[in-house]
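Right, one structure below, let's go through it.
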Amino acid sequence: MDISVVVPLYNEAESLPELEAWITRVMNENNFTYEILFINDGSTDDSWEVIKRLRQQNPNVKGVSFRRNYGKSPALNTGFQRAQGDVVITMDADLQDSPDEIPELYRMITQDRYDLVSGWKQKRYDPLSKTIPTKLFNATARKVSGIRNLHDFNCGLKAYRNKVVKRIEVYGDMHRYVPYLAKNAGFNRIGEKVVHHQARKYGTTKFGLDRFVNGYLDLATLWFTSRFGIKPMHFFGLLGSLMFFLGLIAVAVVGFTKLYDMHHGNHYILVTDSPYFYLALTAMLLGAQLFLTGFIGELIVRNSDRRNEYEIEEEITTHC
Ligand code: UDP
Ligand code: MG
């Protein structure tokens with residue numbers, strides 16, 4: 001099979017027939033073999049009934065329905081597990097992404113040999129309250145992830161080589177950072193394609209402004225787990241040691257100053273009267289705690305199935 005189109009959706013009943021017809025037309029015009037995987041993320045409208053009806057008209061339509069609303073990431077993850085096409089395309093259900101982009105995305109994966117191609121809604125049809133924070137968000141994501149050529153991490157329209165989606169796990173709200181997840185899994189041929197974007201035709205957006213707060217927190221989590229996920233001591237141990245020694249030096253300075261002044265008959269103050277004493281104490285306590293957090297982190301990693309998770313790309317063995 002050439003292409004799997006994965007469409008996560010939550011209350012998008014009005015858009016679905018149009019979307020399915022459009023995808024099908026593009027696929028037929030280009031002679032692609034394909035499947036459309038609709039992942040109904042606990043819709044409360046009749047999206048699922050619409051999907052079942054579409055299936056009767058088109059055997060390439062497949063669907064999964066969640067019991068309740070879990071979020072876009074679990075929906076995408078479910079689609080990724082089931083996708084059979086050589087190229088997997090994700091697309092929002094709200095008709096903001098255009099299926100006309102599919103042939104070129106397919107070509108970029110199969111011929112230009114990209115592992116992942118992300119859409120870039122260069123000209124967006126969204127309110128300003130969304131586009132300005134998005135710019136900031138993408139600049140931070142570029143910096144933190146080290147993927148410098150992406151302008152639009154959270155674009156719903158993306159294409160992947162099949163083995164990329166089988167390798168990564170999208171959970172929580174991590175759908176915003178799939179390119180970062182892919183990069184961490186060793187897929188670093190990441191490309192971008194300018195895509196057309198349309199205003200939402202039916203329904204309303206499912207994400208509020210809290211997306212930006214949560215987006216930043218998730219980015220911090222990903223940065224931390226990708227760097228120190230299996231060696232937390234390297235983070236907490238370093239930070240803890242620095243803090244502790246800073247405190248130790250400060251306490252030594254405070255102590256020796258007093259002894260020196262006493263010895264030379266100068267005016268001196270009690271150690272506990274110096275503000276530096278308290279700063280030093282806090283630093284030492286925090287330092288010790290950070291260090292111990294490192295130990296606890298290491299104990300958790302030791303018991304994790306992922307402590308030795310790596311993937312072998314190729315291997316040469318000798319047969320005697
Ligand atoms: N979506 C989903 N589960 C959710 C929220 C959204 O499957 O809990 C789907 C939604 O139906 C749409 C896509 O994710 O197909 C993107 O959502 P939306 O268009 O609301 O986001 P925006 O375009 O405003 O970023
Ligand atoms: Mg949308």
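By order in the structure tokens, chains are A, B, ...; within a chain, residues start at 1; ligands start at 1, following the order shown.
Around ligand 1, using only C-alpha atoms and all ligand atoms and a cut-off of 7 Å, the residues in contact are Val7, Pro8, Leu9, Tyr10, Asn11, Glu12, Asn40, Asp41, Asn69, Tyr70, Gly71, Lys72, Ala75, Asp92, Ala93, Asp94, Gly156, Thr204, Thr205, Lys206 and Phe207 of chain A.
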For the residues in that selection, give me N, CA and C atoms as a short mmCIF file (atom, residue, chain, number, x, y, z; two decimals), in the first residue's frame.
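Written output follows (again-v1.cif):
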data_model
loop_
_atom_site.label_atom_id
_atom_site.label_comp_id
_atom_site.auth_asym_id
_atom_site.auth_seq_id
_atom_site.Cartn_x
_atom_site.Cartn_y
_atom_site.Cartn_z
N VAL A 7 -6.39 10.49 10.24
CA VAL A 7 -7.16 11.70 10.56
C VAL A 7 -7.75 11.60 11.97
N PRO A 8 -7.15 12.31 12.95
CA PRO A 8 -7.74 12.35 14.28
C PRO A 8 -8.90 13.33 14.28
N LEU A 9 -9.98 12.99 14.93
CA LEU A 9 -11.10 13.94 14.87
C LEU A 9 -11.94 13.90 16.14
N TYR A 10 -12.43 15.06 16.47
CA TYR A 10 -13.29 15.22 17.63
C TYR A 10 -14.41 16.17 17.24
N ASN A 11 -15.60 15.67 17.13
CA ASN A 11 -16.76 16.46 16.73
C ASN A 11 -16.57 17.22 15.42
N GLU A 12 -16.36 16.49 14.36
CA GLU A 12 -16.14 17.13 13.06
C GLU A 12 -17.11 16.56 12.02
N ASN A 40 -11.76 8.43 15.69
CA ASN A 40 -12.79 9.23 16.36
C ASN A 40 -12.46 9.32 17.84
N ASP A 41 -12.05 10.52 18.26
CA ASP A 41 -11.57 10.71 19.62
C ASP A 41 -12.73 11.03 20.56
N ASN A 69 -13.19 11.16 25.00
CA ASN A 69 -12.21 12.05 24.41
C ASN A 69 -10.88 11.95 25.16
N TYR A 70 -9.85 11.46 24.46
CA TYR A 70 -8.53 11.31 25.11
C TYR A 70 -7.54 12.37 24.66
N GLY A 71 -7.75 12.97 23.50
CA GLY A 71 -6.81 13.97 23.00
C GLY A 71 -6.22 13.56 21.67
N LYS A 72 -5.61 14.56 21.03
CA LYS A 72 -5.10 14.33 19.67
C LYS A 72 -3.93 13.35 19.65
N ALA A 75 -4.95 9.72 19.75
CA ALA A 75 -5.61 9.43 18.48
C ALA A 75 -4.55 9.18 17.39
N ASP A 92 -5.53 17.11 9.75
CA ASP A 92 -6.66 17.46 10.61
C ASP A 92 -7.96 17.21 9.86
N ALA A 93 -9.03 17.04 10.61
CA ALA A 93 -10.30 16.69 9.96
C ALA A 93 -11.11 17.92 9.57
N ASP A 94 -10.63 19.11 9.94
CA ASP A 94 -11.48 20.30 9.83
C ASP A 94 -11.38 21.01 8.49
N GLY A 156 -0.78 20.21 11.45
CA GLY A 156 -1.43 18.90 11.45
C GLY A 156 -1.07 18.05 10.24
N THR A 204 -15.71 24.35 15.62
CA THR A 204 -14.79 25.31 16.25
C THR A 204 -13.51 24.60 16.65
N THR A 205 -12.47 25.42 16.97
CA THR A 205 -11.19 24.85 17.37
C THR A 205 -11.34 24.12 18.70
N LYS A 206 -10.55 23.06 18.86
CA LYS A 206 -10.67 22.23 20.06
C LYS A 206 -9.62 22.59 21.10
N PHE A 207 -8.75 23.54 20.78
CA PHE A 207 -7.70 23.89 21.72
C PHE A 207 -7.79 25.37 22.07
#
I'd like the neighbourhood of range 135-150 of chain A as a PDB file with all heavy atoms, in the first residue's frame, where a residue qualifies if any of its atoms comes within 10 Å (using only C-alpha atoms), though same-chain residues fewer than 5 positions away should be ignored.
ATOM      1  N   VAL A 117       8.298  14.876   6.648  1.00  0.00           N
ATOM      2  CA  VAL A 117       8.116  16.200   6.046  1.00  0.00           C
ATOM      3  C   VAL A 117       6.967  16.878   6.774  1.00  0.00           C
ATOM      4  O   VAL A 117       5.877  16.326   6.903  1.00  0.00           O
ATOM      5  CB  VAL A 117       7.799  16.116   4.536  1.00  0.00           C
ATOM      6  CG1 VAL A 117       7.620  17.505   3.961  1.00  0.00           C
ATOM      7  CG2 VAL A 117       8.903  15.377   3.789  1.00  0.00           C
ATOM      8  N   SER A 118       7.235  18.057   7.282  1.00  0.00           N
ATOM      9  CA  SER A 118       6.223  18.782   8.044  1.00  0.00           C
ATOM     10  C   SER A 118       5.656  19.915   7.200  1.00  0.00           C
ATOM     11  O   SER A 118       6.395  20.583   6.479  1.00  0.00           O
ATOM     12  CB  SER A 118       6.873  19.343   9.314  1.00  0.00           C
ATOM     13  OG  SER A 118       5.911  20.020  10.071  1.00  0.00           O
ATOM     14  N   GLY A 119       4.367  20.118   7.274  1.00  0.00           N
ATOM     15  CA  GLY A 119       3.763  21.230   6.548  1.00  0.00           C
ATOM     16  C   GLY A 119       4.112  22.553   7.217  1.00  0.00           C
ATOM     17  O   GLY A 119       4.386  22.602   8.406  1.00  0.00           O
ATOM     18  N   TRP A 120       4.120  23.595   6.432  1.00  0.00           N
ATOM     19  CA  TRP A 120       4.330  24.944   6.988  1.00  0.00           C
ATOM     20  C   TRP A 120       3.220  25.833   6.462  1.00  0.00           C
ATOM     21  O   TRP A 120       3.174  26.125   5.276  1.00  0.00           O
ATOM     22  CB  TRP A 120       5.703  25.465   6.582  1.00  0.00           C
ATOM     23  CG  TRP A 120       5.943  26.897   6.986  1.00  0.00           C
ATOM     24  CD1 TRP A 120       5.258  27.618   7.910  1.00  0.00           C
ATOM     25  CD2 TRP A 120       6.952  27.778   6.462  1.00  0.00           C
ATOM     26  NE1 TRP A 120       5.773  28.881   8.007  1.00  0.00           N
ATOM     27  CE2 TRP A 120       6.812  29.014   7.141  1.00  0.00           C
ATOM     28  CE3 TRP A 120       7.966  27.634   5.503  1.00  0.00           C
ATOM     29  CZ2 TRP A 120       7.639  30.102   6.872  1.00  0.00           C
ATOM     30  CZ3 TRP A 120       8.793  28.710   5.235  1.00  0.00           C
ATOM     31  CH2 TRP A 120       8.624  29.935   5.924  1.00  0.00           C
ATOM     32  N   LYS A 130      -3.673  33.724  17.926  1.00  0.00           N
ATOM     33  CA  LYS A 130      -3.068  32.407  17.802  1.00  0.00           C
ATOM     34  C   LYS A 130      -1.764  32.467  17.019  1.00  0.00           C
ATOM     35  O   LYS A 130      -0.808  31.758  17.330  1.00  0.00           O
ATOM     36  CB  LYS A 130      -4.058  31.489  17.088  1.00  0.00           C
ATOM     37  CG  LYS A 130      -3.642  30.052  17.047  1.00  0.00           C
ATOM     38  CD  LYS A 130      -4.851  29.182  16.764  1.00  0.00           C
ATOM     39  CE  LYS A 130      -4.460  27.961  15.984  1.00  0.00           C
ATOM     40  NZ  LYS A 130      -5.640  27.292  15.446  1.00  0.00           N
ATOM     41  N   ARG A 176       2.468  17.932  19.423  1.00  0.00           N
ATOM     42  CA  ARG A 176       3.088  19.181  18.964  1.00  0.00           C
ATOM     43  C   ARG A 176       4.551  18.986  18.601  1.00  0.00           C
ATOM     44  O   ARG A 176       5.146  19.816  17.935  1.00  0.00           O
ATOM     45  CB  ARG A 176       3.017  20.241  20.059  1.00  0.00           C
ATOM     46  CG  ARG A 176       1.610  20.585  20.428  1.00  0.00           C
ATOM     47  CD  ARG A 176       1.528  21.864  21.231  1.00  0.00           C
ATOM     48  NE  ARG A 176       0.136  22.139  21.477  1.00  0.00           N
ATOM     49  CZ  ARG A 176      -0.504  21.738  22.581  1.00  0.00           C
ATOM     50  NH1 ARG A 176       0.132  21.106  23.532  1.00  0.00           N
ATOM     51  NH2 ARG A 176      -1.773  21.994  22.722  1.00  0.00           N
ATOM     52  N   TYR A 177       5.134  17.916  19.105  1.00  0.00           N
ATOM     53  CA  TYR A 177       6.581  17.760  18.951  1.00  0.00           C
ATOM     54  C   TYR A 177       6.979  16.478  18.249  1.00  0.00           C
ATOM     55  O   TYR A 177       8.049  15.951  18.509  1.00  0.00           O
ATOM     56  CB  TYR A 177       7.236  17.817  20.331  1.00  0.00           C
ATOM     57  CG  TYR A 177       6.978  19.120  21.029  1.00  0.00           C
ATOM     58  CD1 TYR A 177       6.164  19.186  22.138  1.00  0.00           C
ATOM     59  CD2 TYR A 177       7.531  20.297  20.532  1.00  0.00           C
ATOM     60  CE1 TYR A 177       5.907  20.386  22.762  1.00  0.00           C
ATOM     61  CE2 TYR A 177       7.283  21.505  21.140  1.00  0.00           C
ATOM     62  CZ  TYR A 177       6.461  21.544  22.256  1.00  0.00           C
ATOM     63  OH  TYR A 177       6.207  22.731  22.855  1.00  0.00           O
ATOM     64  N   PRO A 179       8.169  15.946  15.340  1.00  0.00           N
ATOM     65  CA  PRO A 179       9.495  15.979  14.701  1.00  0.00           C
ATOM     66  C   PRO A 179      10.631  15.807  15.716  1.00  0.00           C
ATOM     67  O   PRO A 179      11.644  15.167  15.418  1.00  0.00           O
ATOM     68  CB  PRO A 179       9.552  17.380  14.071  1.00  0.00           C
ATOM     69  CG  PRO A 179       8.127  17.756  13.864  1.00  0.00           C
ATOM     70  CD  PRO A 179       7.383  17.151  15.017  1.00  0.00           C
ATOM     71  N   TYR A 180      10.431  16.345  16.913  1.00  0.00           N
ATOM     72  CA  TYR A 180      11.445  16.219  17.965  1.00  0.00           C
ATOM     73  C   TYR A 180      11.540  14.753  18.408  1.00  0.00           C
ATOM     74  O   TYR A 180      12.637  14.206  18.576  1.00  0.00           O
ATOM     75  CB  TYR A 180      11.055  17.128  19.137  1.00  0.00           C
ATOM     76  CG  TYR A 180      12.130  17.395  20.163  1.00  0.00           C
ATOM     77  CD1 TYR A 180      13.456  17.023  19.984  1.00  0.00           C
ATOM     78  CD2 TYR A 180      11.808  18.066  21.346  1.00  0.00           C
ATOM     79  CE1 TYR A 180      14.417  17.289  20.946  1.00  0.00           C
ATOM     80  CE2 TYR A 180      12.763  18.344  22.312  1.00  0.00           C
ATOM     81  CZ  TYR A 180      14.063  17.945  22.110  1.00  0.00           C
ATOM     82  OH  TYR A 180      15.009  18.212  23.067  1.00  0.00           O
ATOM     83  N   LEU A 181      10.384  14.106  18.550  1.00  0.00           N
ATOM     84  CA  LEU A 181      10.372  12.682  18.912  1.00  0.00           C
ATOM     85  C   LEU A 181      11.097  11.866  17.840  1.00  0.00           C
ATOM     86  O   LEU A 181      11.888  10.971  18.140  1.00  0.00           O
ATOM     87  CB  LEU A 181       8.930  12.160  19.048  1.00  0.00           C
ATOM     88  CG  LEU A 181       8.068  12.746  20.162  1.00  0.00           C
ATOM     89  CD1 LEU A 181       6.652  12.202  20.069  1.00  0.00           C
ATOM     90  CD2 LEU A 181       8.656  12.406  21.519  1.00  0.00           C
ATOM     91  N   LYS A 183      13.351  12.925  15.759  1.00  0.00           N
ATOM     92  CA  LYS A 183      14.789  13.215  15.793  1.00  0.00           C
ATOM     93  C   LYS A 183      15.467  12.430  16.911  1.00  0.00           C
ATOM     94  O   LYS A 183      16.543  11.863  16.732  1.00  0.00           O
ATOM     95  CB  LYS A 183      15.002  14.712  15.997  1.00  0.00           C
ATOM     96  CG  LYS A 183      16.453  15.080  15.920  1.00  0.00           C
ATOM     97  CD  LYS A 183      16.715  16.537  16.233  1.00  0.00           C
ATOM     98  CE  LYS A 183      18.205  16.761  16.385  1.00  0.00           C
ATOM     99  NZ  LYS A 183      18.536  17.585  17.534  1.00  0.00           N
ATOM    100  N   ASN A 184      14.817  12.385  18.074  1.00  0.00           N
ATOM    101  CA  ASN A 184      15.388  11.631  19.187  1.00  0.00           C
ATOM    102  C   ASN A 184      15.498  10.145  18.879  1.00  0.00           C
ATOM    103  O   ASN A 184      16.330   9.448  19.456  1.00  0.00           O
ATOM    104  CB  ASN A 184      14.552  11.829  20.459  1.00  0.00           C
ATOM    105  CG  ASN A 184      14.739  13.207  21.037  1.00  0.00           C
ATOM    106  OD1 ASN A 184      15.738  13.869  20.744  1.00  0.00           O
ATOM    107  ND2 ASN A 184      13.794  13.655  21.833  1.00  0.00           N
ATOM    108  N   ASN A 188      16.788  11.885  11.295  1.00  0.00           N
ATOM    109  CA  ASN A 188      17.071  13.324  11.212  1.00  0.00           C
ATOM    110  C   ASN A 188      17.010  13.903   9.811  1.00  0.00           C
ATOM    111  O   ASN A 188      17.392  15.056   9.615  1.00  0.00           O
ATOM    112  CB  ASN A 188      18.392  13.667  11.908  1.00  0.00           C
ATOM    113  CG  ASN A 188      19.436  12.640  11.624  1.00  0.00           C
ATOM    114  OD1 ASN A 188      19.376  11.996  10.566  1.00  0.00           O
ATOM    115  ND2 ASN A 188      20.373  12.446  12.525  1.00  0.00           N
ATOM    116  N   ILE A 190      14.731  15.575   8.175  1.00  0.00           N
ATOM    117  CA  ILE A 190      13.439  16.204   8.417  1.00  0.00           C
ATOM    118  C   ILE A 190      13.285  17.386   7.474  1.00  0.00           C
ATOM    119  O   ILE A 190      14.128  18.282   7.454  1.00  0.00           O
ATOM    120  CB  ILE A 190      13.336  16.649   9.892  1.00  0.00           C
ATOM    121  CG1 ILE A 190      13.378  15.406  10.788  1.00  0.00           C
ATOM    122  CG2 ILE A 190      12.058  17.457  10.131  1.00  0.00           C
ATOM    123  CD1 ILE A 190      13.413  15.687  12.256  1.00  0.00           C
ATOM    124  N   GLY A 191      12.235  17.371   6.689  1.00  0.00           N
ATOM    125  CA  GLY A 191      12.043  18.426   5.701  1.00  0.00           C
ATOM    126  C   GLY A 191      10.767  19.213   5.946  1.00  0.00           C
ATOM    127  O   GLY A 191       9.996  18.907   6.852  1.00  0.00           O
ATOM    128  N   GLU A 192      10.581  20.206   5.124  1.00  0.00           N
ATOM    129  CA  GLU A 192       9.423  21.078   5.300  1.00  0.00           C
ATOM    130  C   GLU A 192       8.835  21.413   3.939  1.00  0.00           C
ATOM    131  O   GLU A 192       9.556  21.542   2.963  1.00  0.00           O
ATOM    132  CB  GLU A 192       9.871  22.340   6.019  1.00  0.00           C
ATOM    133  CG  GLU A 192       8.742  23.290   6.336  1.00  0.00           C
ATOM    134  CD  GLU A 192       9.187  24.381   7.292  1.00  0.00           C
ATOM    135  OE1 GLU A 192       9.994  25.226   6.883  1.00  0.00           O
ATOM    136  OE2 GLU A 192       8.728  24.368   8.435  1.00  0.00           O
ATOM    137  N   LYS A 193       7.531  21.549   3.904  1.00  0.00           N
ATOM    138  CA  LYS A 193       6.890  21.955   2.655  1.00  0.00           C
ATOM    139  C   LYS A 193       5.853  23.019   2.966  1.00  0.00           C
ATOM    140  O   LYS A 193       5.056  22.856   3.896  1.00  0.00           O
ATOM    141  CB  LYS A 193       6.211  20.750   2.009  1.00  0.00           C
ATOM    142  CG  LYS A 193       5.476  21.113   0.744  1.00  0.00           C
ATOM    143  CD  LYS A 193       4.687  19.947   0.172  1.00  0.00           C
ATOM    144  CE  LYS A 193       4.065  20.337  -1.163  1.00  0.00           C
ATOM    145  NZ  LYS A 193       3.258  21.563  -1.110  1.00  0.00           N
ATOM    146  N   PHE A 212      -0.518  27.052  24.763  1.00  0.00           N
ATOM    147  CA  PHE A 212       0.835  27.607  24.753  1.00  0.00           C
ATOM    148  C   PHE A 212       1.559  27.322  26.066  1.00  0.00           C
ATOM    149  O   PHE A 212       2.730  26.960  26.070  1.00  0.00           O
ATOM    150  CB  PHE A 212       0.797  29.095  24.441  1.00  0.00           C
ATOM    151  CG  PHE A 212       0.293  29.332  23.046  1.00  0.00           C
ATOM    152  CD1 PHE A 212      -0.974  29.859  22.820  1.00  0.00           C
ATOM    153  CD2 PHE A 212       1.058  28.966  21.951  1.00  0.00           C
ATOM    154  CE1 PHE A 212      -1.447  30.023  21.529  1.00  0.00           C
ATOM    155  CE2 PHE A 212       0.596  29.122  20.659  1.00  0.00           C
ATOM    156  CZ  PHE A 212      -0.667  29.661  20.451  1.00  0.00           C
ATOM    157  N   VAL A 213       0.827  27.471  27.180  1.00  0.00           N
ATOM    158  CA  VAL A 213       1.427  27.149  28.482  1.00  0.00           C
ATOM    159  C   VAL A 213       1.836  25.676  28.488  1.00  0.00           C
ATOM    160  O   VAL A 213       2.985  25.322  28.757  1.00  0.00           O
ATOM    161  CB  VAL A 213       0.420  27.416  29.616  1.00  0.00           C
ATOM    162  CG1 VAL A 213       1.052  27.085  30.956  1.00  0.00           C
ATOM    163  CG2 VAL A 213      -0.040  28.861  29.581  1.00  0.00           C
ATOM    164  N   GLY A 215       2.241  23.743  26.029  1.00  0.00           N
ATOM    165  CA  GLY A 215       3.238  23.494  24.991  1.00  0.00           C
ATOM    166  C   GLY A 215       4.651  23.731  25.509  1.00  0.00           C
ATOM    167  O   GLY A 215       5.550  22.934  25.275  1.00  0.00           O
ATOM    168  N   TYR A 216       4.826  24.813  26.263  1.00  0.00           N
ATOM    169  CA  TYR A 216       6.158  25.112  26.805  1.00  0.00           C
ATOM    170  C   TYR A 216       6.573  24.083  27.848  1.00  0.00           C
ATOM    171  O   TYR A 216       7.722  23.642  27.890  1.00  0.00           O
ATOM    172  CB  TYR A 216       6.212  26.521  27.394  1.00  0.00           C
ATOM    173  CG  TYR A 216       6.535  27.550  26.340  1.00  0.00           C
ATOM    174  CD1 TYR A 216       5.561  28.378  25.814  1.00  0.00           C
ATOM    175  CD2 TYR A 216       7.831  27.682  25.852  1.00  0.00           C
ATOM    176  CE1 TYR A 216       5.850  29.295  24.818  1.00  0.00           C
ATOM    177  CE2 TYR A 216       8.141  28.592  24.863  1.00  0.00           C
ATOM    178  CZ  TYR A 216       7.147  29.399  24.353  1.00  0.00           C
ATOM    179  OH  TYR A 216       7.444  30.292  23.367  1.00  0.00           O
ATOM    180  N   LEU A 219       7.622  20.999  26.191  1.00  0.00           N
ATOM    181  CA  LEU A 219       8.928  21.148  25.544  1.00  0.00           C
ATOM    182  C   LEU A 219      10.040  20.951  26.577  1.00  0.00           C
ATOM    183  O   LEU A 219      11.040  20.276  26.316  1.00  0.00           O
ATOM    184  CB  LEU A 219       9.029  22.541  24.908  1.00  0.00           C
ATOM    185  CG  LEU A 219      10.245  22.774  24.020  1.00  0.00           C
ATOM    186  CD1 LEU A 219      10.241  21.805  22.846  1.00  0.00           C
ATOM    187  CD2 LEU A 219      10.260  24.208  23.492  1.00  0.00           C
ATOM    188  N   ALA A 220       9.827  21.522  27.772  1.00  0.00           N
ATOM    189  CA  ALA A 220      10.811  21.350  28.849  1.00  0.00           C
ATOM    190  C   ALA A 220      10.944  19.865  29.191  1.00  0.00           C
ATOM    191  O   ALA A 220      12.054  19.341  29.337  1.00  0.00           O
ATOM    192  CB  ALA A 220      10.396  22.149  30.078  1.00  0.00           C
ATOM    193  N   LEU A 222      10.313  17.277  27.268  1.00  0.00           N
ATOM    194  CA  LEU A 222      10.989  16.544  26.197  1.00  0.00           C
ATOM    195  C   LEU A 222      12.487  16.804  26.194  1.00  0.00           C
ATOM    196  O   LEU A 222      13.290  15.898  25.977  1.00  0.00           O
ATOM    197  CB  LEU A 222      10.413  16.969  24.844  1.00  0.00           C
ATOM    198  CG  LEU A 222       9.354  16.060  24.269  1.00  0.00           C
ATOM    199  CD1 LEU A 222       8.982  16.518  22.873  1.00  0.00           C
ATOM    200  CD2 LEU A 222       9.874  14.634  24.199  1.00  0.00           C
ATOM    201  N   TRP A 223      12.837  18.063  26.429  1.00  0.00           N
ATOM    202  CA  TRP A 223      14.262  18.409  26.488  1.00  0.00           C
ATOM    203  C   TRP A 223      14.930  17.593  27.573  1.00  0.00           C
ATOM    204  O   TRP A 223      15.973  16.977  27.368  1.00  0.00           O
ATOM    205  CB  TRP A 223      14.422  19.906  26.776  1.00  0.00           C
ATOM    206  CG  TRP A 223      15.844  20.293  27.036  1.00  0.00           C
ATOM    207  CD1 TRP A 223      16.798  20.572  26.094  1.00  0.00           C
ATOM    208  CD2 TRP A 223      16.487  20.420  28.313  1.00  0.00           C
ATOM    209  NE1 TRP A 223      17.993  20.851  26.713  1.00  0.00           N
ATOM    210  CE2 TRP A 223      17.824  20.769  28.074  1.00  0.00           C
ATOM    211  CE3 TRP A 223      16.064  20.277  29.630  1.00  0.00           C
ATOM    212  CZ2 TRP A 223      18.740  20.975  29.094  1.00  0.00           C
ATOM    213  CZ3 TRP A 223      16.970  20.479  30.652  1.00  0.00           C
ATOM    214  CH2 TRP A 223      18.299  20.828  30.386  1.00  0.00           C
ATOM    215  N   SER A 226      14.842  13.698  26.819  1.00  0.00           N
ATOM    216  CA  SER A 226      15.684  13.244  25.716  1.00  0.00           C
ATOM    217  C   SER A 226      17.162  13.328  26.100  1.00  0.00           C
ATOM    218  O   SER A 226      17.977  12.571  25.608  1.00  0.00           O
ATOM    219  CB  SER A 226      15.395  14.029  24.444  1.00  0.00           C
ATOM    220  OG  SER A 226      15.775  15.361  24.605  1.00  0.00           O
TER     221      SER A 226
END
Picked from range 49-93 of chain A by DSSP as strand (DSSP E or B), as a list in words: Val61, Lys62, Gly63, Val64, Ser65, Val87, Val88, Ile89 and Thr90 of chain A
Extract, using only C-alpha atoms, all DNA, RNA and protein residues at most 6 Å from range 24-35 of chain A, discarding same-chain residues fewer than 5 positions from it, and format them as an mmCIF file with all heavy atoms, in the first residue's frame.
data_model
loop_
_atom_site.group_PDB
_atom_site.id
_atom_site.type_symbol
_atom_site.label_atom_id
_atom_site.label_comp_id
_atom_site.auth_asym_id
_atom_site.auth_seq_id
_atom_site.Cartn_x
_atom_site.Cartn_y
_atom_site.Cartn_z
ATOM 1 N N MET A 1 0.843 -1.211 0.000
ATOM 2 C CA MET A 1 0.000 0.000 0.000
ATOM 3 C C MET A 1 0.873 1.254 0.000
ATOM 4 O O MET A 1 1.862 1.302 0.716
ATOM 5 C CB MET A 1 -0.895 -0.027 1.240
ATOM 6 C CG MET A 1 -1.915 1.083 1.254
ATOM 7 S SD MET A 1 -2.836 1.091 2.791
ATOM 8 C CE MET A 1 -3.726 -0.436 2.687
ATOM 9 N N ASP A 2 0.511 2.241 -0.823
ATOM 10 C CA ASP A 2 1.342 3.445 -0.921
ATOM 11 C C ASP A 2 1.166 4.369 0.284
ATOM 12 O O ASP A 2 2.135 4.792 0.904
ATOM 13 C CB ASP A 2 0.967 4.251 -2.174
ATOM 14 C CG ASP A 2 1.249 3.484 -3.464
ATOM 15 O OD1 ASP A 2 2.231 2.714 -3.472
ATOM 16 O OD2 ASP A 2 0.495 3.665 -4.431
ATOM 17 N N ILE A 3 -0.083 4.699 0.588
ATOM 18 C CA ILE A 3 -0.310 5.789 1.551
ATOM 19 C C ILE A 3 -1.371 5.431 2.592
ATOM 20 O O ILE A 3 -2.412 4.855 2.264
ATOM 21 C CB ILE A 3 -0.778 7.072 0.815
ATOM 22 C CG1 ILE A 3 0.287 7.532 -0.189
ATOM 23 C CG2 ILE A 3 -1.087 8.194 1.798
ATOM 24 C CD1 ILE A 3 -0.082 8.763 -0.954
ATOM 25 N N SER A 4 -1.093 5.776 3.850
ATOM 26 C CA SER A 4 -2.127 5.759 4.888
ATOM 27 C C SER A 4 -2.374 7.206 5.293
ATOM 28 O O SER A 4 -1.431 7.917 5.620
ATOM 29 C CB SER A 4 -1.642 5.020 6.137
ATOM 30 O OG SER A 4 -1.369 3.680 5.853
ATOM 31 N N ASN A 60 -11.803 1.692 1.293
ATOM 32 C CA ASN A 60 -10.495 2.147 1.783
ATOM 33 C C ASN A 60 -10.607 2.933 3.086
ATOM 34 O O ASN A 60 -9.603 3.316 3.668
ATOM 35 C CB ASN A 60 -9.818 3.032 0.740
ATOM 36 C CG ASN A 60 -9.506 2.260 -0.523
ATOM 37 O OD1 ASN A 60 -8.959 1.166 -0.456
ATOM 38 N ND2 ASN A 60 -9.887 2.805 -1.660
ATOM 39 N N VAL A 61 -11.842 3.200 3.498
ATOM 40 C CA VAL A 61 -12.035 3.936 4.754
ATOM 41 C C VAL A 61 -12.000 2.948 5.914
ATOM 42 O O VAL A 61 -12.663 1.912 5.884
ATOM 43 C CB VAL A 61 -13.388 4.680 4.737
ATOM 44 C CG1 VAL A 61 -13.710 5.236 6.122
ATOM 45 C CG2 VAL A 61 -13.362 5.799 3.708
#
Selection near Thr257 in chain A, 12 Å with only C-alpha atoms, sequence-local residues under 2 positions removed, as a ChimeraX atom specification: /A:250-255,259-264,266-271,274,276-277
Those of range 148-222 of chain A in DSSP alpha helix (DSSP H), formatted as number ranges by chain: A: 162-167, 178-184, 210-222
Residue contacts of range 79-88 of chain A (10 Å, only C-alpha atoms) excluding same-chain residues fewer than 4 positions away, as JSON, numbers by chain: {"A": [1, 2, 3, 4, 5, 6, 7, 8, 33, 34, 35, 36, 37, 38, 39, 62, 63, 64, 73, 74, 75, 105, 106, 107, 109, 110, 115, 116, 158, 159, 160, 161, 162, 163, 164, 165, 166, 167, 168, 169, 170]}
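Comparing the minimum interatomic distances between ligand 2 and each of A:Glu20, A:Asp112, A:Asp126, A:Glu49, counting only C-alpha atoms and all ligand atoms, we find that A:Asp126 sits nearest.
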Would you pick out the contacts of Val50 in chain A at 8 Å or less, using only C-alpha atoms, so that residues sharing its chain but fewer than 3 positions from it are not included, and give the list as a PDB file with C-alpha atoms, in the first residue's frame?
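So the final result, stored in around-v2.pdb, reads:
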ATOM      1  CA  ALA A  13     -19.222  15.447  11.545  1.00  0.00           C
ATOM      2  CA  LEU A  16     -15.965  14.431   7.150  1.00  0.00           C
ATOM      3  CA  PRO A  17     -17.884  13.692   3.916  1.00  0.00           C
ATOM      4  CA  ASP A  46     -22.571  11.855  14.982  1.00  0.00           C
ATOM      5  CA  SER A  47     -19.035  11.748  13.522  1.00  0.00           C
ATOM      6  CA  ARG A  53     -21.599   5.493   6.289  1.00  0.00           C
ATOM      7  CA  LEU A  54     -18.484   6.583   4.395  1.00  0.00           C
TER       8      LEU A  54
END
